[in-house]
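upload13.csv follows; it contains CSV, C-alpha atoms.
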```csv
chain,number,residue,atom,x,y,z
G,1,MET,CA,91.9,79.3,153.5
G,2,ALA,CA,92.6,80.2,157.1
G,3,ASP,CA,93.2,83.8,158.3
G,4,LYS,CA,96.8,82.9,159.0
G,5,ASP,CA,97.3,81.7,155.4
G,6,ILE,CA,95.7,84.8,154.0
G,7,PHE,CA,98.0,86.9,156.2
G,8,PHE,CA,101.1,85.1,154.9
G,9,VAL,CA,100.0,85.4,151.2
G,10,PHE,CA,99.4,89.1,151.8
G,11,LEU,CA,102.8,89.5,153.5
G,12,PHE,CA,104.5,87.7,150.6
G,13,LEU,CA,102.8,89.9,148.0
G,14,ALA,CA,103.7,93.1,149.9
G,15,PHE,CA,107.3,92.0,150.3
G,16,THR,CA,107.6,91.0,146.6
G,17,LYS,CA,106.3,94.5,145.5
G,18,LEU,CA,108.7,96.2,147.9
G,19,SER,CA,111.7,94.1,147.0
G,20,LEU,CA,111.3,94.4,143.2
G,21,GLY,CA,113.9,97.2,143.1
G,22,ALA,CA,115.8,96.1,146.1
G,23,GLY,CA,119.4,95.3,145.3
G,24,LYS,CA,119.0,96.7,141.8
G,25,GLU,CA,121.7,99.2,140.9
G,26,CYS,CA,120.3,102.2,139.0
G,27,CYS,CA,122.4,104.8,137.1
G,28,SER,CA,123.8,107.6,139.2
G,29,SER,CA,124.0,109.7,136.1
G,30,VAL,CA,121.5,109.7,133.2
G,31,LEU,CA,121.4,111.5,129.8
G,32,LEU,CA,117.9,112.5,128.7
G,33,ASP,CA,118.2,113.2,124.9
G,34,SER,CA,116.2,113.3,121.7
G,35,ASP,CA,116.1,114.6,118.2
G,36,LEU,CA,115.9,118.2,116.9
G,37,ALA,CA,112.1,118.4,116.9
G,38,VAL,CA,111.9,117.6,120.6
G,39,HIS,CA,114.9,119.8,121.4
G,40,LYS,CA,113.1,122.8,119.9
G,41,ILE,CA,110.1,122.3,122.2
G,42,GLN,CA,111.6,120.7,125.4
G,43,GLY,CA,115.3,121.3,125.0
G,44,ASP,CA,115.7,123.0,128.4
G,45,LYS,CA,114.7,119.8,130.1
G,46,LEU,CA,117.1,117.6,128.2
G,47,GLY,CA,120.7,116.9,129.2
G,48,PHE,CA,122.5,115.2,132.0
G,49,TYR,CA,120.9,114.4,135.3
G,50,THR,CA,122.6,113.2,138.5
G,51,GLN,CA,121.0,111.2,141.3
G,52,LEU,CA,120.2,113.6,144.1
G,53,GLY,CA,118.6,111.0,146.5
G,54,TYR,CA,115.4,109.0,146.6
G,55,TYR,CA,111.7,109.9,146.3
G,56,GLY,CA,109.1,107.2,146.9
G,57,ALA,CA,111.9,104.6,147.4
G,58,ARG,CA,113.2,105.2,143.8
G,59,PRO,CA,116.1,107.3,142.6
G,60,ALA,CA,115.4,111.0,142.0
G,61,TYR,CA,117.6,113.1,139.7
G,62,ARG,CA,118.5,116.8,139.3
G,63,GLN,CA,119.6,118.3,136.0
G,64,GLN,CA,123.3,119.2,135.8
G,65,GLY,CA,123.6,123.0,135.1
G,66,GLY,CA,119.8,123.3,134.9
G,67,GLU,CA,116.8,123.6,137.1
G,68,PHE,CA,114.8,120.5,136.5
G,69,PHE,CA,114.2,117.3,138.5
G,70,ILE,CA,113.0,113.8,137.3
G,71,PHE,CA,111.4,111.4,139.8
G,72,TYR,CA,108.9,108.6,140.0
G,73,TYR,CA,105.4,109.8,140.7
G,74,GLU,CA,103.8,107.0,142.7
G,75,GLU,CA,100.3,108.4,142.4
G,76,GLU,CA,100.2,108.0,138.7
G,77,GLN,CA,102.9,105.3,138.4
G,78,HIS,CA,105.3,106.9,136.0
G,79,TRP,CA,108.4,109.1,135.8
G,80,ILE,CA,107.9,112.9,135.4
G,81,ASP,CA,109.9,116.1,135.4
G,82,SER,CA,109.4,119.1,137.7
G,83,ARG,CA,111.0,122.5,137.7
G,84,TYR,CA,110.6,123.1,141.4
G,85,PHE,CA,111.6,120.0,143.4
G,86,TYR,CA,111.0,116.3,143.2
G,87,GLY,CA,107.5,115.5,144.4
G,88,ALA,CA,105.9,118.5,142.7
G,89,SER,CA,103.9,117.3,139.6
G,90,LEU,CA,101.8,120.4,138.8
G,91,PHE,CA,103.8,121.7,135.8
G,92,SER,CA,105.2,118.4,134.4
G,93,LYS,CA,106.0,118.5,130.7
G,94,LEU,CA,107.8,115.2,130.3
G,95,VAL,CA,106.3,111.8,131.2
G,96,ASN,CA,107.9,108.3,131.0
G,97,GLU,CA,104.9,106.1,131.4
G,98,MET,CA,106.6,103.0,132.7
G,99,ASP,CA,106.7,101.5,136.1
G,100,GLY,CA,110.3,100.4,136.2
G,101,TYR,CA,112.4,100.8,139.3
G,102,CYS,CA,115.1,102.7,137.4
G,103,LEU,CA,114.6,105.7,135.1
G,104,ASP,CA,116.5,104.0,132.2
G,105,ASP,CA,114.6,100.6,132.5
G,106,HIS,CA,112.4,101.4,129.5
G,107,ASN,CA,111.8,104.5,127.3
G,108,ASN,CA,108.2,105.3,126.9
G,109,TRP,CA,108.4,109.1,126.9
G,110,SER,CA,105.8,111.7,126.1
G,111,PHE,CA,106.3,115.4,126.1
G,112,TYR,CA,104.0,118.4,126.1
G,113,ASN,CA,104.1,120.3,122.8
G,114,GLY,CA,102.2,123.4,124.0
G,115,SER,CA,98.7,121.9,123.7
G,116,ASP,CA,98.9,118.1,123.9
G,117,LEU,CA,101.0,115.4,125.4
G,118,MET,CA,102.7,113.6,122.5
G,119,TYR,CA,104.5,110.2,122.5
G,120,SER,CA,108.1,110.2,121.3
G,121,GLU,CA,110.0,107.1,120.1
G,122,VAL,CA,113.3,109.2,120.0
G,123,LEU,CA,113.2,110.7,123.5
G,124,THR,CA,115.4,108.4,125.6
G,125,SER,CA,117.0,108.2,129.0
G,126,ASN,CA,120.2,106.1,129.3
G,127,CYS,CA,123.1,105.7,131.7
G,128,SER,CA,125.7,108.3,130.7
G,129,LYS,CA,128.1,110.6,132.5
G,130,ILE,CA,128.9,114.0,131.0
G,131,GLU,CA,132.7,113.3,131.2
G,132,ASP,CA,132.3,110.1,129.1
G,133,VAL,CA,130.1,111.7,126.4
G,134,CYS,CA,131.4,115.3,126.0
G,135,CYS,CA,134.8,116.5,124.9
G,136,GLN,CA,137.2,117.6,127.6
G,137,GLU,CA,138.5,120.4,125.4
G,138,ILE,CA,137.7,121.9,122.0
G,139,SER,CA,140.3,123.4,119.6
G,140,ILE,CA,139.2,126.1,117.2
G,141,SER,CA,141.3,127.2,114.3
G,142,SER,CA,140.8,129.2,111.2
G,143,ALA,CA,142.7,129.7,107.9
G,144,ASN,CA,141.8,133.4,108.3
G,145,SER,CA,143.2,133.9,111.8
G,146,GLU,CA,145.4,136.8,110.6
G,147,VAL,CA,142.7,138.7,108.7
G,148,LYS,CA,143.0,142.4,109.6
G,149,THR,CA,141.4,145.6,108.6
G,150,GLY,CA,143.8,148.4,109.2
G,151,ASN,CA,145.4,147.7,112.6
G,152,GLN,CA,142.4,145.7,113.9
G,153,SER,CA,142.3,141.9,113.9
G,154,PHE,CA,138.9,140.2,113.7
G,155,TYR,CA,140.2,137.2,115.8
```
Using structure tokens, write down the structure from this file.
Amino acid sequence: MADKDIFFVFLFLAFTKLSLGAGKECCSSVLLDSDLAVHKIQGDKLGFYTQLGYYGARPAYRQQGGEFFIFYYEEEQHWIDSRYFYGASLFSKLVNEMDGYCLDDHNNWSFYNGSDLMYSEVLTSNCSKIEDVCCQEISISSANSEVKTGNQSFY
């Protein structure tokens, strides 16, 4: 094979790798959710995330109403969380060990339980907006709304 042919093969492979995610539309809002067991250990990292920008040519997300980020960590080729900013991997407690362009491409999540990284089949990320999942308003009523002790009402 001539040097010119090798160059074109290399160029084709490089372009193919770079264009895998090109044109693919990722979710702008993601829900990271799980069961009660994971909520007890990693609940502060779960919830809704909104795309903040890009890191490593892939979407990067910030937790709504929280202090966590989720981004693709190119060095280890998986999605991770970070408390400080995307790009910081030192204190990661959640890992999605897949190489997909979008966070919701495949769920292969593990979480740190305090001593070990544990795989979870129920920890998932999916396209969801908070306004589409959560109630706009909640009405609370009680049959005992007029219960009083003396002149004081409990409600």
Quick check, in Å to one decimal: how far apart do atom CA of Leu117 of chain G and atom CA of Asp105 of chain G lie?
21.3 Å
8 Å contact set for segment 60-66 of chain G, only C-alpha atoms, chain neighbours under 6 positions out, as a list in words:
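Skipping anything fewer than 6 positions along the chain leaves Asp44, Lys45, Gly47, Phe48, Tyr49, Thr50, Gln51, Leu52, Gly53, Tyr54, Tyr72 and Tyr86 of chain G.
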Interatomic distance between atom CA of Val122 of chain G and atom CA of Ile70 of chain G?
17.9 Å
Interatomic distance between atom CA of Tyr55 of chain G and atom CA of Ser128 of chain G?
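Value for the atom CA of Tyr55 of chain G-atom CA of Ser128 of chain G distance: 21.0 Å.
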Residues near Gln42 of chain G, anyone? I mean within 12 Å using only C-alpha atoms, not counting same-chain ones fewer than 2 positions away, as a list in words.
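The contact residues come out as Leu32, Asp33, Ser34, Asp35, Leu36, Ala37, Val38, His39, Lys40, Asp44, Lys45, Leu46, Gly47, Phe68, Asp81, Ser92, Lys93, Leu94, Val95, Ser110, Phe111, Tyr112, Asn113, Gly114, Leu117, Met118, Ser120 and Leu123 of chain G.
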Any idea what's packed within 12 Å of His106 of chain G, counting all atoms listed in the file, ignoring anything in its chain fewer than 6 positions away? Could you give it as a ChimeraX atom specification?
/G:78-79,96-100,121,123-127
Nearest to Glu25 of chain G by atom-to-atom distance, counting only C-alpha atoms, from G:Phe85, G:Tyr101, G:Tyr119, G:Trp109
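When distances to Glu25 of chain G are compared using only C-alpha atoms, the smallest one comes from G:Tyr101.
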Would you fill the gaps in segment 62-96 of chain G so it has N, CA and C atoms, then print it as a PDB file, in the coordinates of the input?
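The file below, result-v4.pdb, is the result:
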```
ATOM      1  N   ARG G  62     118.523 115.339 139.565  1.00  0.00           N
ATOM      2  CA  ARG G  62     118.500 116.800 139.300  1.00  0.00           C
ATOM      3  C   ARG G  62     119.380 117.050 138.071  1.00  0.00           C
ATOM      4  N   GLN G  63     118.892 117.927 137.228  1.00  0.00           N
ATOM      5  CA  GLN G  63     119.600 118.300 136.000  1.00  0.00           C
ATOM      6  C   GLN G  63     120.897 118.991 136.308  1.00  0.00           C
ATOM      7  N   GLN G  64     121.972 118.583 135.648  1.00  0.00           N
ATOM      8  CA  GLN G  64     123.300 119.200 135.800  1.00  0.00           C
ATOM      9  C   GLN G  64     123.250 120.561 135.075  1.00  0.00           C
ATOM     10  N   GLY G  65     123.530 121.638 135.764  1.00  0.00           N
ATOM     11  CA  GLY G  65     123.600 123.000 135.100  1.00  0.00           C
ATOM     12  C   GLY G  65     122.195 123.478 134.769  1.00  0.00           C
ATOM     13  N   GLY G  66     121.143 122.862 135.263  1.00  0.00           N
ATOM     14  CA  GLY G  66     119.800 123.300 134.900  1.00  0.00           C
ATOM     15  C   GLY G  66     118.934 123.355 136.193  1.00  0.00           C
ATOM     16  N   GLU G  67     117.646 123.476 135.993  1.00  0.00           N
ATOM     17  CA  GLU G  67     116.800 123.600 137.100  1.00  0.00           C
ATOM     18  C   GLU G  67     115.642 122.610 137.211  1.00  0.00           C
ATOM     19  N   PHE G  68     115.828 121.465 136.563  1.00  0.00           N
ATOM     20  CA  PHE G  68     114.800 120.500 136.500  1.00  0.00           C
ATOM     21  C   PHE G  68     115.140 119.215 137.337  1.00  0.00           C
ATOM     22  N   PHE G  69     114.111 118.517 137.768  1.00  0.00           N
ATOM     23  CA  PHE G  69     114.200 117.300 138.500  1.00  0.00           C
ATOM     24  C   PHE G  69     113.437 116.203 137.730  1.00  0.00           C
ATOM     25  N   ILE G  70     113.838 114.941 137.851  1.00  0.00           N
ATOM     26  CA  ILE G  70     113.000 113.800 137.300  1.00  0.00           C
ATOM     27  C   ILE G  70     112.912 112.819 138.479  1.00  0.00           C
ATOM     28  N   PHE G  71     111.689 112.365 138.700  1.00  0.00           N
ATOM     29  CA  PHE G  71     111.400 111.400 139.800  1.00  0.00           C
ATOM     30  C   PHE G  71     110.237 110.560 139.439  1.00  0.00           C
ATOM     31  N   TYR G  72     110.074 109.478 140.185  1.00  0.00           N
ATOM     32  CA  TYR G  72     108.900 108.600 140.000  1.00  0.00           C
ATOM     33  C   TYR G  72     107.765 109.084 140.784  1.00  0.00           C
ATOM     34  N   TYR G  73     106.654 109.316 140.097  1.00  0.00           N
ATOM     35  CA  TYR G  73     105.400 109.800 140.700  1.00  0.00           C
ATOM     36  C   TYR G  73     104.515 108.659 141.018  1.00  0.00           C
ATOM     37  N   GLU G  74     104.552 108.202 142.252  1.00  0.00           N
ATOM     38  CA  GLU G  74     103.800 107.000 142.700  1.00  0.00           C
ATOM     39  C   GLU G  74     102.337 107.063 142.400  1.00  0.00           C
ATOM     40  N   GLU G  75     101.747 108.233 142.604  1.00  0.00           N
ATOM     41  CA  GLU G  75     100.300 108.400 142.400  1.00  0.00           C
ATOM     42  C   GLU G  75      99.821 108.002 141.041  1.00  0.00           C
ATOM     43  N   GLU G  76     100.604 108.332 140.031  1.00  0.00           N
ATOM     44  CA  GLU G  76     100.200 108.000 138.700  1.00  0.00           C
ATOM     45  C   GLU G  76     101.080 106.889 138.056  1.00  0.00           C
ATOM     46  N   GLN G  77     102.037 106.398 138.808  1.00  0.00           N
ATOM     47  CA  GLN G  77     102.900 105.300 138.400  1.00  0.00           C
ATOM     48  C   GLN G  77     103.683 105.522 137.148  1.00  0.00           C
ATOM     49  N   HIS G  78     104.341 106.676 137.083  1.00  0.00           N
ATOM     50  CA  HIS G  78     105.300 106.900 136.000  1.00  0.00           C
ATOM     51  C   HIS G  78     106.286 107.995 136.410  1.00  0.00           C
ATOM     52  N   TRP G  79     107.325 108.115 135.612  1.00  0.00           N
ATOM     53  CA  TRP G  79     108.400 109.100 135.800  1.00  0.00           C
ATOM     54  C   TRP G  79     107.999 110.410 135.224  1.00  0.00           C
ATOM     55  N   ILE G  80     108.237 111.522 135.940  1.00  0.00           N
ATOM     56  CA  ILE G  80     107.900 112.900 135.400  1.00  0.00           C
ATOM     57  C   ILE G  80     109.024 113.837 135.749  1.00  0.00           C
ATOM     58  N   ASP G  81     108.944 115.008 135.141  1.00  0.00           N
ATOM     59  CA  ASP G  81     109.900 116.100 135.400  1.00  0.00           C
ATOM     60  C   ASP G  81     109.183 117.144 136.289  1.00  0.00           C
ATOM     61  N   SER G  82     109.971 117.976 136.928  1.00  0.00           N
ATOM     62  CA  SER G  82     109.400 119.100 137.700  1.00  0.00           C
ATOM     63  C   SER G  82     110.502 120.178 137.757  1.00  0.00           C
ATOM     64  N   ARG G  83     110.081 121.406 137.657  1.00  0.00           N
ATOM     65  CA  ARG G  83     111.000 122.500 137.700  1.00  0.00           C
ATOM     66  C   ARG G  83     111.357 122.876 139.185  1.00  0.00           C
ATOM     67  N   TYR G  84     110.470 122.627 140.097  1.00  0.00           N
ATOM     68  CA  TYR G  84     110.600 123.100 141.400  1.00  0.00           C
ATOM     69  C   TYR G  84     111.360 122.209 142.399  1.00  0.00           C
ATOM     70  N   PHE G  85     110.934 121.006 142.547  1.00  0.00           N
ATOM     71  CA  PHE G  85     111.600 120.000 143.400  1.00  0.00           C
ATOM     72  C   PHE G  85     110.920 118.683 143.113  1.00  0.00           C
ATOM     73  N   TYR G  86     111.611 117.599 143.426  1.00  0.00           N
ATOM     74  CA  TYR G  86     111.000 116.300 143.200  1.00  0.00           C
ATOM     75  C   TYR G  86     109.826 116.150 144.186  1.00  0.00           C
ATOM     76  N   GLY G  87     108.733 115.663 143.668  1.00  0.00           N
ATOM     77  CA  GLY G  87     107.500 115.500 144.400  1.00  0.00           C
ATOM     78  C   GLY G  87     106.442 116.488 143.916  1.00  0.00           C
ATOM     79  N   ALA G  88     106.837 117.556 143.221  1.00  0.00           N
ATOM     80  CA  ALA G  88     105.900 118.500 142.700  1.00  0.00           C
ATOM     81  C   ALA G  88     105.538 118.077 141.233  1.00  0.00           C
ATOM     82  N   SER G  89     104.267 117.848 140.951  1.00  0.00           N
ATOM     83  CA  SER G  89     103.900 117.300 139.600  1.00  0.00           C
ATOM     84  C   SER G  89     102.993 118.291 138.850  1.00  0.00           C
ATOM     85  N   LEU G  90     102.728 119.460 139.377  1.00  0.00           N
ATOM     86  CA  LEU G  90     101.800 120.400 138.800  1.00  0.00           C
ATOM     87  C   LEU G  90     102.145 120.820 137.353  1.00  0.00           C
ATOM     88  N   PHE G  91     103.400 121.110 137.115  1.00  0.00           N
ATOM     89  CA  PHE G  91     103.800 121.700 135.800  1.00  0.00           C
ATOM     90  C   PHE G  91     104.670 120.689 135.010  1.00  0.00           C
ATOM     91  N   SER G  92     104.435 119.414 135.136  1.00  0.00           N
ATOM     92  CA  SER G  92     105.200 118.400 134.400  1.00  0.00           C
ATOM     93  C   SER G  92     104.993 118.512 132.917  1.00  0.00           C
ATOM     94  N   LYS G  93     106.096 118.451 132.169  1.00  0.00           N
ATOM     95  CA  LYS G  93     106.000 118.500 130.700  1.00  0.00           C
ATOM     96  C   LYS G  93     106.594 117.270 130.048  1.00  0.00           C
ATOM     97  N   LEU G  94     107.279 116.430 130.826  1.00  0.00           N
ATOM     98  CA  LEU G  94     107.800 115.200 130.300  1.00  0.00           C
ATOM     99  C   LEU G  94     107.269 114.034 131.184  1.00  0.00           C
ATOM    100  N   VAL G  95     106.891 112.939 130.524  1.00  0.00           N
ATOM    101  CA  VAL G  95     106.300 111.800 131.200  1.00  0.00           C
ATOM    102  C   VAL G  95     106.898 110.520 130.622  1.00  0.00           C
ATOM    103  N   ASN G  96     107.444 109.643 131.462  1.00  0.00           N
ATOM    104  CA  ASN G  96     107.900 108.300 131.000  1.00  0.00           C
ATOM    105  C   ASN G  96     106.894 107.336 131.645  1.00  0.00           C
TER     106      ASN G  96
END
```
